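What follows is my_file_2.txt (compact mmCIF, N, CA, C and O atoms).
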```txt
# COMPACT_ATOMS: atom_id res chain seq x y z
N MET W 224 0.01 -7.11 7.27
CA MET W 224 -1.07 -6.22 7.62
C MET W 224 -1.95 -6.92 8.64
O MET W 224 -2.37 -8.04 8.42
N ASP W 225 -2.19 -6.24 9.76
CA ASP W 225 -2.95 -6.89 10.82
C ASP W 225 -4.43 -7.03 10.44
O ASP W 225 -4.91 -6.45 9.47
N LEU W 226 -5.12 -7.85 11.19
CA LEU W 226 -6.51 -8.19 10.86
C LEU W 226 -7.44 -6.99 10.93
O LEU W 226 -8.37 -6.87 10.12
N GLU W 227 -7.21 -6.10 11.87
CA GLU W 227 -8.05 -4.91 11.99
C GLU W 227 -7.90 -4.00 10.77
O GLU W 227 -8.89 -3.48 10.25
N ASN W 228 -6.69 -3.82 10.30
CA ASN W 228 -6.48 -3.00 9.11
C ASN W 228 -7.06 -3.67 7.86
O ASN W 228 -7.60 -3.00 6.99
N GLN W 229 -6.97 -4.99 7.79
CA GLN W 229 -7.61 -5.70 6.67
C GLN W 229 -9.11 -5.43 6.68
O GLN W 229 -9.71 -5.17 5.63
N LYS W 230 -9.71 -5.48 7.85
CA LYS W 230 -11.14 -5.24 7.98
C LYS W 230 -11.49 -3.82 7.53
O LYS W 230 -12.46 -3.62 6.77
N ARG W 231 -10.71 -2.84 7.95
CA ARG W 231 -10.95 -1.44 7.56
C ARG W 231 -10.85 -1.26 6.05
O ARG W 231 -11.69 -0.60 5.44
N VAL W 232 -9.81 -1.82 5.46
CA VAL W 232 -9.61 -1.69 4.02
C VAL W 232 -10.80 -2.31 3.28
O VAL W 232 -11.33 -1.73 2.33
N LYS W 233 -11.21 -3.48 3.69
CA LYS W 233 -12.34 -4.16 3.05
C LYS W 233 -13.61 -3.33 3.17
O LYS W 233 -14.36 -3.16 2.20
N GLU W 234 -13.85 -2.77 4.35
CA GLU W 234 -15.05 -1.94 4.57
C GLU W 234 -15.01 -0.68 3.69
O GLU W 234 -16.03 -0.30 3.11
N PHE W 235 -13.84 -0.03 3.60
CA PHE W 235 -13.72 1.16 2.75
C PHE W 235 -13.97 0.81 1.29
O PHE W 235 -14.64 1.55 0.56
N ALA W 236 -13.43 -0.31 0.83
CA ALA W 236 -13.63 -0.73 -0.55
C ALA W 236 -15.10 -1.00 -0.83
O ALA W 236 -15.62 -0.66 -1.90
N GLU W 237 -15.79 -1.60 0.13
CA GLU W 237 -17.23 -1.86 -0.03
C GLU W 237 -18.03 -0.57 0.01
O GLU W 237 -18.97 -0.39 -0.76
N GLN W 238 -17.66 0.34 0.91
CA GLN W 238 -18.41 1.58 1.08
C GLN W 238 -18.20 2.56 -0.08
O GLN W 238 -19.16 3.16 -0.56
N TYR W 239 -16.97 2.73 -0.53
CA TYR W 239 -16.65 3.75 -1.52
C TYR W 239 -16.41 3.19 -2.92
O TYR W 239 -16.28 3.96 -3.87
N GLY W 240 -16.32 1.88 -3.03
CA GLY W 240 -15.99 1.24 -4.30
C GLY W 240 -14.49 1.10 -4.43
O GLY W 240 -13.76 2.05 -4.15
N PRO W 241 -14.01 -0.07 -4.81
CA PRO W 241 -12.56 -0.31 -4.87
C PRO W 241 -11.84 0.61 -5.84
O PRO W 241 -10.66 0.91 -5.65
N GLU W 242 -12.52 1.09 -6.85
CA GLU W 242 -11.89 2.00 -7.81
C GLU W 242 -11.61 3.37 -7.20
O GLU W 242 -10.86 4.17 -7.76
N ASN W 243 -12.20 3.66 -6.04
CA ASN W 243 -12.04 4.95 -5.37
C ASN W 243 -11.14 4.88 -4.14
O ASN W 243 -11.07 5.86 -3.38
N VAL W 244 -10.48 3.77 -3.91
CA VAL W 244 -9.64 3.60 -2.73
C VAL W 244 -8.19 3.42 -3.17
O VAL W 244 -7.90 2.61 -4.05
N VAL W 245 -7.30 4.19 -2.56
CA VAL W 245 -5.87 4.04 -2.77
C VAL W 245 -5.25 3.76 -1.41
O VAL W 245 -5.49 4.48 -0.44
N VAL W 246 -4.47 2.70 -1.33
CA VAL W 246 -3.81 2.32 -0.08
C VAL W 246 -2.37 2.82 -0.14
O VAL W 246 -1.65 2.55 -1.10
N ILE W 247 -1.96 3.54 0.90
CA ILE W 247 -0.59 4.03 1.00
C ILE W 247 0.06 3.35 2.19
O ILE W 247 -0.42 3.45 3.32
N LEU W 248 1.14 2.65 1.91
CA LEU W 248 1.85 1.88 2.92
C LEU W 248 3.10 2.61 3.39
O LEU W 248 3.58 3.51 2.70
N GLY W 249 3.62 2.20 4.53
CA GLY W 249 4.82 2.83 5.06
C GLY W 249 5.82 1.86 5.64
O GLY W 249 6.69 2.26 6.41
N ALA W 250 5.71 0.59 5.30
CA ALA W 250 6.64 -0.42 5.82
C ALA W 250 8.08 -0.06 5.47
O ALA W 250 8.35 0.50 4.41
N ALA W 251 9.00 -0.38 6.36
CA ALA W 251 10.39 0.02 6.19
C ALA W 251 11.19 -0.88 5.26
O ALA W 251 12.30 -0.54 4.88
N GLU W 252 10.64 -2.03 4.88
CA GLU W 252 11.36 -2.96 4.01
C GLU W 252 10.48 -3.35 2.83
O GLU W 252 9.25 -3.45 2.95
N GLY W 253 11.12 -3.62 1.70
CA GLY W 253 10.39 -3.99 0.49
C GLY W 253 9.53 -5.22 0.67
O GLY W 253 8.40 -5.27 0.20
N GLU W 254 10.07 -6.24 1.34
CA GLU W 254 9.33 -7.48 1.52
C GLU W 254 8.06 -7.26 2.34
O GLU W 254 6.99 -7.78 2.01
N ALA W 255 8.17 -6.48 3.41
CA ALA W 255 6.99 -6.20 4.26
C ALA W 255 5.97 -5.37 3.49
O ALA W 255 4.77 -5.62 3.57
N ALA W 256 6.44 -4.38 2.74
CA ALA W 256 5.54 -3.56 1.93
C ALA W 256 4.86 -4.42 0.87
O ALA W 256 3.66 -4.28 0.61
N GLY W 257 5.62 -5.31 0.26
CA GLY W 257 5.06 -6.19 -0.76
C GLY W 257 4.00 -7.12 -0.22
O GLY W 257 2.97 -7.35 -0.86
N LEU W 258 4.21 -7.65 0.98
CA LEU W 258 3.23 -8.53 1.60
C LEU W 258 1.92 -7.77 1.88
O LEU W 258 0.84 -8.27 1.60
N ALA W 259 2.04 -6.56 2.41
CA ALA W 259 0.84 -5.76 2.66
C ALA W 259 0.16 -5.37 1.35
O ALA W 259 -1.07 -5.40 1.24
N ALA W 260 0.96 -5.04 0.34
CA ALA W 260 0.39 -4.69 -0.96
C ALA W 260 -0.33 -5.87 -1.59
O ALA W 260 -1.42 -5.73 -2.16
N GLU W 261 0.26 -7.04 -1.47
CA GLU W 261 -0.39 -8.24 -2.00
C GLU W 261 -1.72 -8.50 -1.28
O GLU W 261 -2.70 -8.90 -1.89
N THR W 262 -1.74 -8.23 0.00
CA THR W 262 -2.95 -8.46 0.79
C THR W 262 -4.12 -7.61 0.28
O THR W 262 -5.23 -8.11 0.18
N VAL W 263 -3.88 -6.35 -0.04
CA VAL W 263 -4.98 -5.46 -0.46
C VAL W 263 -5.27 -5.54 -1.96
O VAL W 263 -6.21 -4.92 -2.44
N THR W 264 -4.47 -6.31 -2.68
CA THR W 264 -4.73 -6.47 -4.11
C THR W 264 -5.22 -7.88 -4.43
O THR W 264 -6.29 -8.05 -4.99
N ALA W 265 -4.43 -8.88 -4.06
CA ALA W 265 -4.72 -10.27 -4.42
C ALA W 265 -5.38 -11.05 -3.31
O ALA W 265 -5.85 -12.17 -3.53
N GLY W 266 -5.41 -10.50 -2.09
CA GLY W 266 -5.98 -11.21 -0.95
C GLY W 266 -4.90 -11.61 0.02
O GLY W 266 -3.73 -11.69 -0.32
N ASP W 267 -5.29 -11.87 1.24
CA ASP W 267 -4.36 -12.22 2.31
C ASP W 267 -3.65 -13.54 1.99
O ASP W 267 -4.28 -14.59 1.97
N PRO W 268 -2.33 -13.49 1.71
CA PRO W 268 -1.62 -14.71 1.34
C PRO W 268 -1.49 -15.71 2.49
O PRO W 268 -1.20 -16.88 2.26
N THR W 269 -1.75 -15.28 3.73
CA THR W 269 -1.70 -16.20 4.86
C THR W 269 -3.05 -16.86 5.11
O THR W 269 -3.16 -17.75 5.95
N PHE W 270 -4.05 -16.42 4.39
CA PHE W 270 -5.42 -16.94 4.53
C PHE W 270 -5.92 -16.87 5.96
O PHE W 270 -6.65 -17.74 6.42
N ALA W 271 -5.53 -15.81 6.69
CA ALA W 271 -5.89 -15.70 8.10
C ALA W 271 -6.85 -14.55 8.39
O ALA W 271 -7.48 -14.54 9.42
N GLY W 272 -6.94 -13.58 7.50
CA GLY W 272 -7.70 -12.38 7.83
C GLY W 272 -8.93 -12.18 6.97
O GLY W 272 -9.28 -13.02 6.13
N PRO W 273 -9.59 -11.05 7.16
CA PRO W 273 -10.81 -10.72 6.42
C PRO W 273 -10.60 -10.66 4.90
O PRO W 273 -11.56 -10.78 4.15
N LEU W 274 -9.36 -10.48 4.45
CA LEU W 274 -9.09 -10.44 3.01
C LEU W 274 -8.61 -11.77 2.45
O LEU W 274 -8.17 -11.83 1.30
N ALA W 275 -8.70 -12.83 3.23
CA ALA W 275 -8.33 -14.15 2.74
C ALA W 275 -9.25 -14.53 1.57
O ALA W 275 -10.46 -14.55 1.71
N GLY W 276 -8.65 -14.75 0.42
CA GLY W 276 -9.42 -15.12 -0.76
C GLY W 276 -10.19 -13.98 -1.40
O GLY W 276 -10.96 -14.20 -2.32
N VAL W 277 -9.99 -12.75 -0.92
CA VAL W 277 -10.70 -11.57 -1.44
C VAL W 277 -9.73 -10.77 -2.30
O VAL W 277 -8.77 -10.20 -1.78
N GLN W 278 -9.99 -10.73 -3.59
CA GLN W 278 -9.11 -10.02 -4.51
C GLN W 278 -9.69 -8.64 -4.80
O GLN W 278 -10.45 -8.46 -5.75
N LEU W 279 -9.32 -7.66 -3.99
CA LEU W 279 -9.85 -6.31 -4.16
C LEU W 279 -9.21 -5.57 -5.33
O LEU W 279 -9.82 -4.68 -5.91
N GLY W 280 -7.97 -5.88 -5.66
CA GLY W 280 -7.29 -5.22 -6.78
C GLY W 280 -7.04 -3.74 -6.55
O GLY W 280 -6.90 -2.98 -7.51
N LEU W 281 -6.98 -3.31 -5.30
CA LEU W 281 -6.85 -1.89 -4.99
C LEU W 281 -5.54 -1.31 -5.50
O LEU W 281 -4.53 -2.02 -5.62
N THR W 282 -5.55 -0.03 -5.77
CA THR W 282 -4.33 0.68 -6.11
C THR W 282 -3.53 0.86 -4.84
O THR W 282 -4.07 1.26 -3.81
N VAL W 283 -2.24 0.56 -4.89
CA VAL W 283 -1.42 0.59 -3.68
C VAL W 283 -0.05 1.21 -4.00
O VAL W 283 0.53 0.95 -5.05
N TYR W 284 0.39 2.07 -3.09
CA TYR W 284 1.69 2.73 -3.20
C TYR W 284 2.37 2.73 -1.84
O TYR W 284 1.72 2.56 -0.82
N HIS W 285 3.65 3.00 -1.86
CA HIS W 285 4.40 3.25 -0.63
C HIS W 285 4.60 4.76 -0.52
O HIS W 285 4.77 5.45 -1.53
N ILE W 286 4.60 5.27 0.69
CA ILE W 286 4.73 6.71 0.92
C ILE W 286 6.01 7.28 0.32
O ILE W 286 6.05 8.46 -0.05
N CYS W 287 7.05 6.48 0.16
CA CYS W 287 8.32 6.97 -0.37
C CYS W 287 8.41 6.94 -1.89
O CYS W 287 9.42 7.35 -2.45
N GLU W 288 7.37 6.48 -2.55
CA GLU W 288 7.40 6.47 -4.02
C GLU W 288 7.12 7.87 -4.54
O GLU W 288 6.33 8.63 -3.99
N ASP W 289 7.78 8.21 -5.64
CA ASP W 289 7.70 9.55 -6.18
C ASP W 289 6.28 10.02 -6.47
O ASP W 289 5.96 11.19 -6.25
N ASP W 290 5.42 9.12 -6.96
CA ASP W 290 4.04 9.52 -7.27
C ASP W 290 3.29 10.03 -6.04
O ASP W 290 2.49 10.95 -6.14
N ILE W 291 3.54 9.43 -4.90
CA ILE W 291 2.88 9.85 -3.67
C ILE W 291 3.63 11.01 -3.03
O ILE W 291 3.03 11.98 -2.56
N LYS W 292 4.93 10.92 -3.03
CA LYS W 292 5.76 11.98 -2.47
C LYS W 292 5.41 13.33 -3.08
O LYS W 292 5.37 14.36 -2.39
N ALA W 293 5.12 13.35 -4.37
CA ALA W 293 4.78 14.59 -5.07
C ALA W 293 3.44 15.17 -4.60
O ALA W 293 3.18 16.36 -4.79
N GLU W 294 2.60 14.35 -4.01
CA GLU W 294 1.28 14.79 -3.56
C GLU W 294 1.27 15.32 -2.12
O GLU W 294 0.29 15.88 -1.67
N VAL W 295 2.37 15.11 -1.40
CA VAL W 295 2.46 15.48 0.01
C VAL W 295 3.14 16.83 0.15
O VAL W 295 4.14 17.10 -0.54
N ASP W 296 2.64 17.65 1.05
CA ASP W 296 3.29 18.93 1.34
C ASP W 296 4.76 18.67 1.69
O ASP W 296 5.04 17.84 2.58
N PRO W 297 5.69 19.32 1.01
CA PRO W 297 7.12 19.04 1.25
C PRO W 297 7.54 19.23 2.70
O PRO W 297 8.37 18.47 3.21
N GLY W 298 7.01 20.21 3.39
CA GLY W 298 7.35 20.43 4.79
C GLY W 298 6.90 19.28 5.67
O GLY W 298 7.62 18.83 6.56
N VAL W 299 5.70 18.80 5.41
CA VAL W 299 5.17 17.67 6.18
C VAL W 299 5.98 16.42 5.87
O VAL W 299 6.34 15.67 6.78
N TYR W 300 6.28 16.19 4.60
CA TYR W 300 7.08 15.02 4.23
C TYR W 300 8.44 15.06 4.91
O TYR W 300 8.90 14.07 5.49
N ASP W 301 9.07 16.21 4.86
CA ASP W 301 10.38 16.36 5.48
C ASP W 301 10.32 16.09 6.98
O ASP W 301 11.15 15.37 7.52
N GLU W 302 9.31 16.62 7.63
CA GLU W 302 9.17 16.46 9.08
C GLU W 302 8.82 15.04 9.49
O GLU W 302 9.31 14.52 10.48
N GLN W 303 7.96 14.38 8.72
CA GLN W 303 7.40 13.10 9.14
C GLN W 303 8.09 11.87 8.53
O GLN W 303 8.03 10.79 9.11
N ILE W 304 8.69 12.01 7.35
CA ILE W 304 9.12 10.82 6.62
C ILE W 304 10.58 10.82 6.19
O ILE W 304 11.22 9.78 6.14
N SER W 305 11.14 11.98 5.91
CA SER W 305 12.45 12.03 5.27
C SER W 305 13.55 11.33 6.08
O SER W 305 14.46 10.74 5.50
N MET W 306 13.49 11.39 7.40
CA MET W 306 14.52 10.72 8.21
C MET W 306 14.48 9.21 8.00
O MET W 306 15.53 8.57 7.86
N MET W 307 13.31 8.64 7.97
CA MET W 307 13.19 7.19 7.73
C MET W 307 13.59 6.83 6.31
O MET W 307 14.18 5.78 6.07
N GLU W 308 13.26 7.70 5.39
CA GLU W 308 13.59 7.44 3.99
C GLU W 308 15.10 7.26 3.80
O GLU W 308 15.54 6.48 2.96
N MET W 309 15.89 7.95 4.61
CA MET W 309 17.35 7.86 4.49
C MET W 309 17.88 6.48 4.84
O MET W 309 18.95 6.09 4.37
N VAL W 310 17.18 5.72 5.65
CA VAL W 310 17.67 4.40 6.07
C VAL W 310 16.94 3.26 5.36
O VAL W 310 17.28 2.10 5.56
N MET W 311 15.97 3.59 4.53
CA MET W 311 15.24 2.55 3.79
C MET W 311 15.86 2.34 2.42
O MET W 311 16.42 3.27 1.84
N ASP W 312 15.70 1.15 1.89
CA ASP W 312 16.11 0.85 0.52
C ASP W 312 14.92 1.20 -0.37
O ASP W 312 14.10 0.34 -0.71
N VAL W 313 14.84 2.47 -0.74
CA VAL W 313 13.69 2.98 -1.47
C VAL W 313 13.55 2.30 -2.84
O VAL W 313 12.44 2.01 -3.28
N ASP W 314 14.66 2.02 -3.50
CA ASP W 314 14.60 1.34 -4.80
C ASP W 314 13.99 -0.05 -4.66
O ASP W 314 13.16 -0.45 -5.49
N ASP W 315 14.40 -0.79 -3.63
CA ASP W 315 13.84 -2.12 -3.39
C ASP W 315 12.33 -2.03 -3.12
O ASP W 315 11.55 -2.81 -3.66
N ILE W 316 11.96 -1.07 -2.30
CA ILE W 316 10.53 -0.88 -2.00
C ILE W 316 9.76 -0.55 -3.26
O ILE W 316 8.71 -1.13 -3.54
N HIS W 317 10.27 0.38 -4.05
CA HIS W 317 9.59 0.75 -5.30
C HIS W 317 9.46 -0.45 -6.24
O HIS W 317 8.39 -0.67 -6.81
N ASN W 318 10.52 -1.21 -6.38
CA ASN W 318 10.46 -2.38 -7.28
C ASN W 318 9.42 -3.38 -6.80
O ASN W 318 8.68 -3.95 -7.62
N GLU W 319 9.38 -3.61 -5.51
CA GLU W 319 8.39 -4.55 -4.95
C GLU W 319 6.97 -4.04 -5.18
O GLU W 319 6.09 -4.78 -5.60
N MET W 320 6.75 -2.76 -4.94
CA MET W 320 5.42 -2.18 -5.11
C MET W 320 5.00 -2.19 -6.59
O MET W 320 3.86 -2.50 -6.91
N GLN W 321 5.94 -1.85 -7.46
CA GLN W 321 5.62 -1.85 -8.89
C GLN W 321 5.25 -3.25 -9.37
O GLN W 321 4.33 -3.43 -10.16
N SER W 322 5.96 -4.24 -8.88
CA SER W 322 5.66 -5.62 -9.24
C SER W 322 4.25 -6.02 -8.82
O SER W 322 3.50 -6.62 -9.59
N ILE W 323 3.87 -5.66 -7.61
CA ILE W 323 2.52 -5.96 -7.13
C ILE W 323 1.48 -5.22 -7.96
O ILE W 323 0.46 -5.79 -8.36
N ARG W 324 1.73 -3.93 -8.23
CA ARG W 324 0.77 -3.16 -9.06
C ARG W 324 0.61 -3.79 -10.43
O ARG W 324 -0.50 -3.93 -10.94
N ASP W 325 1.73 -4.17 -11.04
CA ASP W 325 1.68 -4.77 -12.37
C ASP W 325 0.89 -6.08 -12.39
O ASP W 325 0.18 -6.36 -13.35
N GLN W 326 1.01 -6.86 -11.33
CA GLN W 326 0.36 -8.16 -11.28
C GLN W 326 -1.11 -8.10 -10.87
O GLN W 326 -1.93 -8.84 -11.41
N TYR W 327 -1.43 -7.25 -9.89
CA TYR W 327 -2.72 -7.39 -9.23
C TYR W 327 -3.64 -6.17 -9.21
O TYR W 327 -4.83 -6.33 -8.94
N CYS W 328 -3.11 -4.98 -9.45
CA CYS W 328 -3.97 -3.79 -9.35
C CYS W 328 -4.91 -3.73 -10.55
O CYS W 328 -4.50 -3.89 -11.69
N LYS W 329 -6.17 -3.46 -10.26
CA LYS W 329 -7.19 -3.39 -11.29
C LYS W 329 -7.57 -1.95 -11.64
O LYS W 329 -8.24 -1.71 -12.63
N TYR W 330 -7.18 -0.98 -10.80
CA TYR W 330 -7.73 0.37 -10.93
C TYR W 330 -6.67 1.44 -11.08
O TYR W 330 -6.79 2.52 -10.53
N LEU W 331 -5.62 1.19 -11.84
CA LEU W 331 -4.57 2.19 -12.03
C LEU W 331 -4.99 3.24 -13.02
O LEU W 331 -5.67 3.04 -13.94
```
For this file, write the structure as structure tokens.
Amino acid sequence: MDLENQKRVKEFAEQYGPENVVVILGAAEGEAAGLAAETVTAGDPTFAGPLAGVQLGLTVYHICEDDIKAEVDPGVYDEQISMMEMVMDVDDIHNEMQSIRDQYCKYL
């Protein structure tokens, strides 16, 4: 997750309260999604950005997870995401995201 997005996430958590913020990721690989998820929950593991050492514990999902997919208009999901979903390892992404939620999310 780039430094500008870290800054935005941190500002939203401060403005609205971390219990009211849900981060939805769209990385194409489980490892990349997991790294971004870890950043918004446990803090930036590279210690380089605004979330270095900041444990927000935010709720985090990937757009391809069933819980989020169910909340999106099916036509919009089909148009915007379904093609990418066909080439992603959705099970790997879900497992990575679930692991991060289990370890670090405070507001499920």
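Using all atoms listed in the file, the nearest neighbour of Val263 in chain W within the list W:Gln326, W:Ser305, W:Gln278, W:Asn318 is W:Gln278.
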Every residue with an atom at most 7 Å from (10.4, 3.6, -2.2) (file coordinates; only N, CA, C and O atoms) is what I'm after, so could you write them as an mmCIF file with N, CA, C and O atoms, keeping the file's coordinate frame?
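This went into out_23.cif:
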```cif
data_model
loop_
_atom_site.group_PDB
_atom_site.id
_atom_site.type_symbol
_atom_site.label_atom_id
_atom_site.label_comp_id
_atom_site.auth_asym_id
_atom_site.auth_seq_id
_atom_site.Cartn_x
_atom_site.Cartn_y
_atom_site.Cartn_z
ATOM 1 N N HIS W 285 3.650 3.000 -1.860
ATOM 2 C CA HIS W 285 4.400 3.250 -0.630
ATOM 3 C C HIS W 285 4.600 4.760 -0.520
ATOM 4 O O HIS W 285 4.770 5.450 -1.530
ATOM 5 N N ILE W 286 4.600 5.270 0.690
ATOM 6 C CA ILE W 286 4.730 6.710 0.920
ATOM 7 C C ILE W 286 6.010 7.280 0.320
ATOM 8 O O ILE W 286 6.050 8.460 -0.050
ATOM 9 N N CYS W 287 7.050 6.480 0.160
ATOM 10 C CA CYS W 287 8.320 6.970 -0.370
ATOM 11 C C CYS W 287 8.410 6.940 -1.890
ATOM 12 O O CYS W 287 9.420 7.350 -2.450
ATOM 13 N N GLU W 288 7.370 6.480 -2.550
ATOM 14 C CA GLU W 288 7.400 6.470 -4.020
ATOM 15 C C GLU W 288 7.120 7.870 -4.540
ATOM 16 O O GLU W 288 6.330 8.630 -3.990
ATOM 17 N N ASP W 289 7.780 8.210 -5.640
ATOM 18 C CA ASP W 289 7.700 9.550 -6.180
ATOM 19 C C ASP W 289 6.280 10.020 -6.470
ATOM 20 O O ASP W 289 5.960 11.190 -6.250
ATOM 21 N N ASP W 312 15.700 1.150 1.890
ATOM 22 C CA ASP W 312 16.110 0.850 0.520
ATOM 23 C C ASP W 312 14.920 1.200 -0.370
ATOM 24 O O ASP W 312 14.100 0.340 -0.710
ATOM 25 N N VAL W 313 14.840 2.470 -0.740
ATOM 26 C CA VAL W 313 13.690 2.980 -1.470
ATOM 27 C C VAL W 313 13.550 2.300 -2.840
ATOM 28 O O VAL W 313 12.440 2.010 -3.280
ATOM 29 N N ASP W 314 14.660 2.020 -3.500
ATOM 30 C CA ASP W 314 14.600 1.340 -4.800
ATOM 31 C C ASP W 314 13.990 -0.050 -4.660
ATOM 32 O O ASP W 314 13.160 -0.450 -5.490
ATOM 33 N N ASP W 315 14.400 -0.790 -3.630
ATOM 34 C CA ASP W 315 13.840 -2.120 -3.390
ATOM 35 C C ASP W 315 12.330 -2.030 -3.120
ATOM 36 O O ASP W 315 11.550 -2.810 -3.660
ATOM 37 N N ILE W 316 11.960 -1.070 -2.300
ATOM 38 C CA ILE W 316 10.530 -0.880 -2.000
ATOM 39 C C ILE W 316 9.760 -0.550 -3.260
ATOM 40 O O ILE W 316 8.710 -1.130 -3.540
ATOM 41 N N HIS W 317 10.270 0.380 -4.050
ATOM 42 C CA HIS W 317 9.590 0.750 -5.300
ATOM 43 C C HIS W 317 9.460 -0.450 -6.240
ATOM 44 O O HIS W 317 8.390 -0.670 -6.810
ATOM 45 N N ASN W 318 10.520 -1.210 -6.380
ATOM 46 C CA ASN W 318 10.460 -2.380 -7.280
ATOM 47 C C ASN W 318 9.420 -3.380 -6.800
ATOM 48 O O ASN W 318 8.680 -3.950 -7.620
#
```
Could you give me, as number ranges by chain, the residues within 7 Å of Thr262 in chain W, counting all atoms listed in the file and dropping anything in the same chain fewer than 4 positions from it?
W: 256-258, 266-268, 274-275, 277-280
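Candidate residues W:Val232, W:Ala251, W:Val246, W:Ala293 were compared for distance to Met306 in chain W, and the nearest is W:Ala251, using only C-alpha atoms.
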Determine the nearest neighbour of Lys329 in chain W from the options W:Val295, W:Met307, W:Ala255, W:Val283, counting all atoms listed in the file.
W:Val283
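Proximity ranking of W:Gln303, W:Met311, W:Glu242, W:Thr269 relative to Leu331 in chain W places W:Glu242 first, based on only C-alpha atoms.
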Using all atoms listed in the file, pick whichever of W:Ala271, W:Gly298, W:Ala259, W:Gly253 has the shortest atom-to-atom distance to Glu319 in chain W.
W:Gly253
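Taking only C-alpha atoms into account, Val244 in chain W lies nearest to W:Leu281 out of the set W:Gln321, W:Asp301, W:Leu281, W:Asp296.
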Between atom O of Met309 in chain W and atom O of Pro297 in chain W - distance in Å to one decimal:
16.3 Å
Write out as a VMD selection string all residues of range 233-322 of chain W that backbone DSSP assigns to strand (DSSP E).
chain W and resid 245 to 248 282 to 285
Could you tell me how far atom C of Pro241 in chain W sits from atom C of Asn228 in chain W, in Å to one decimal place?
15.1 Å
Which distance in Å separates atom N of Tyr330 in chain W and CA of Glu308 in chain W, to one decimal?
26.9 Å
Any chance you could list, as an MDAnalysis selection string, the residues in chain W that come up alpha helix (DSSP H) when DSSP is run on the backbone?
chainID W and resid 226:239 253:264 289:292 297:303 305:308 313:327
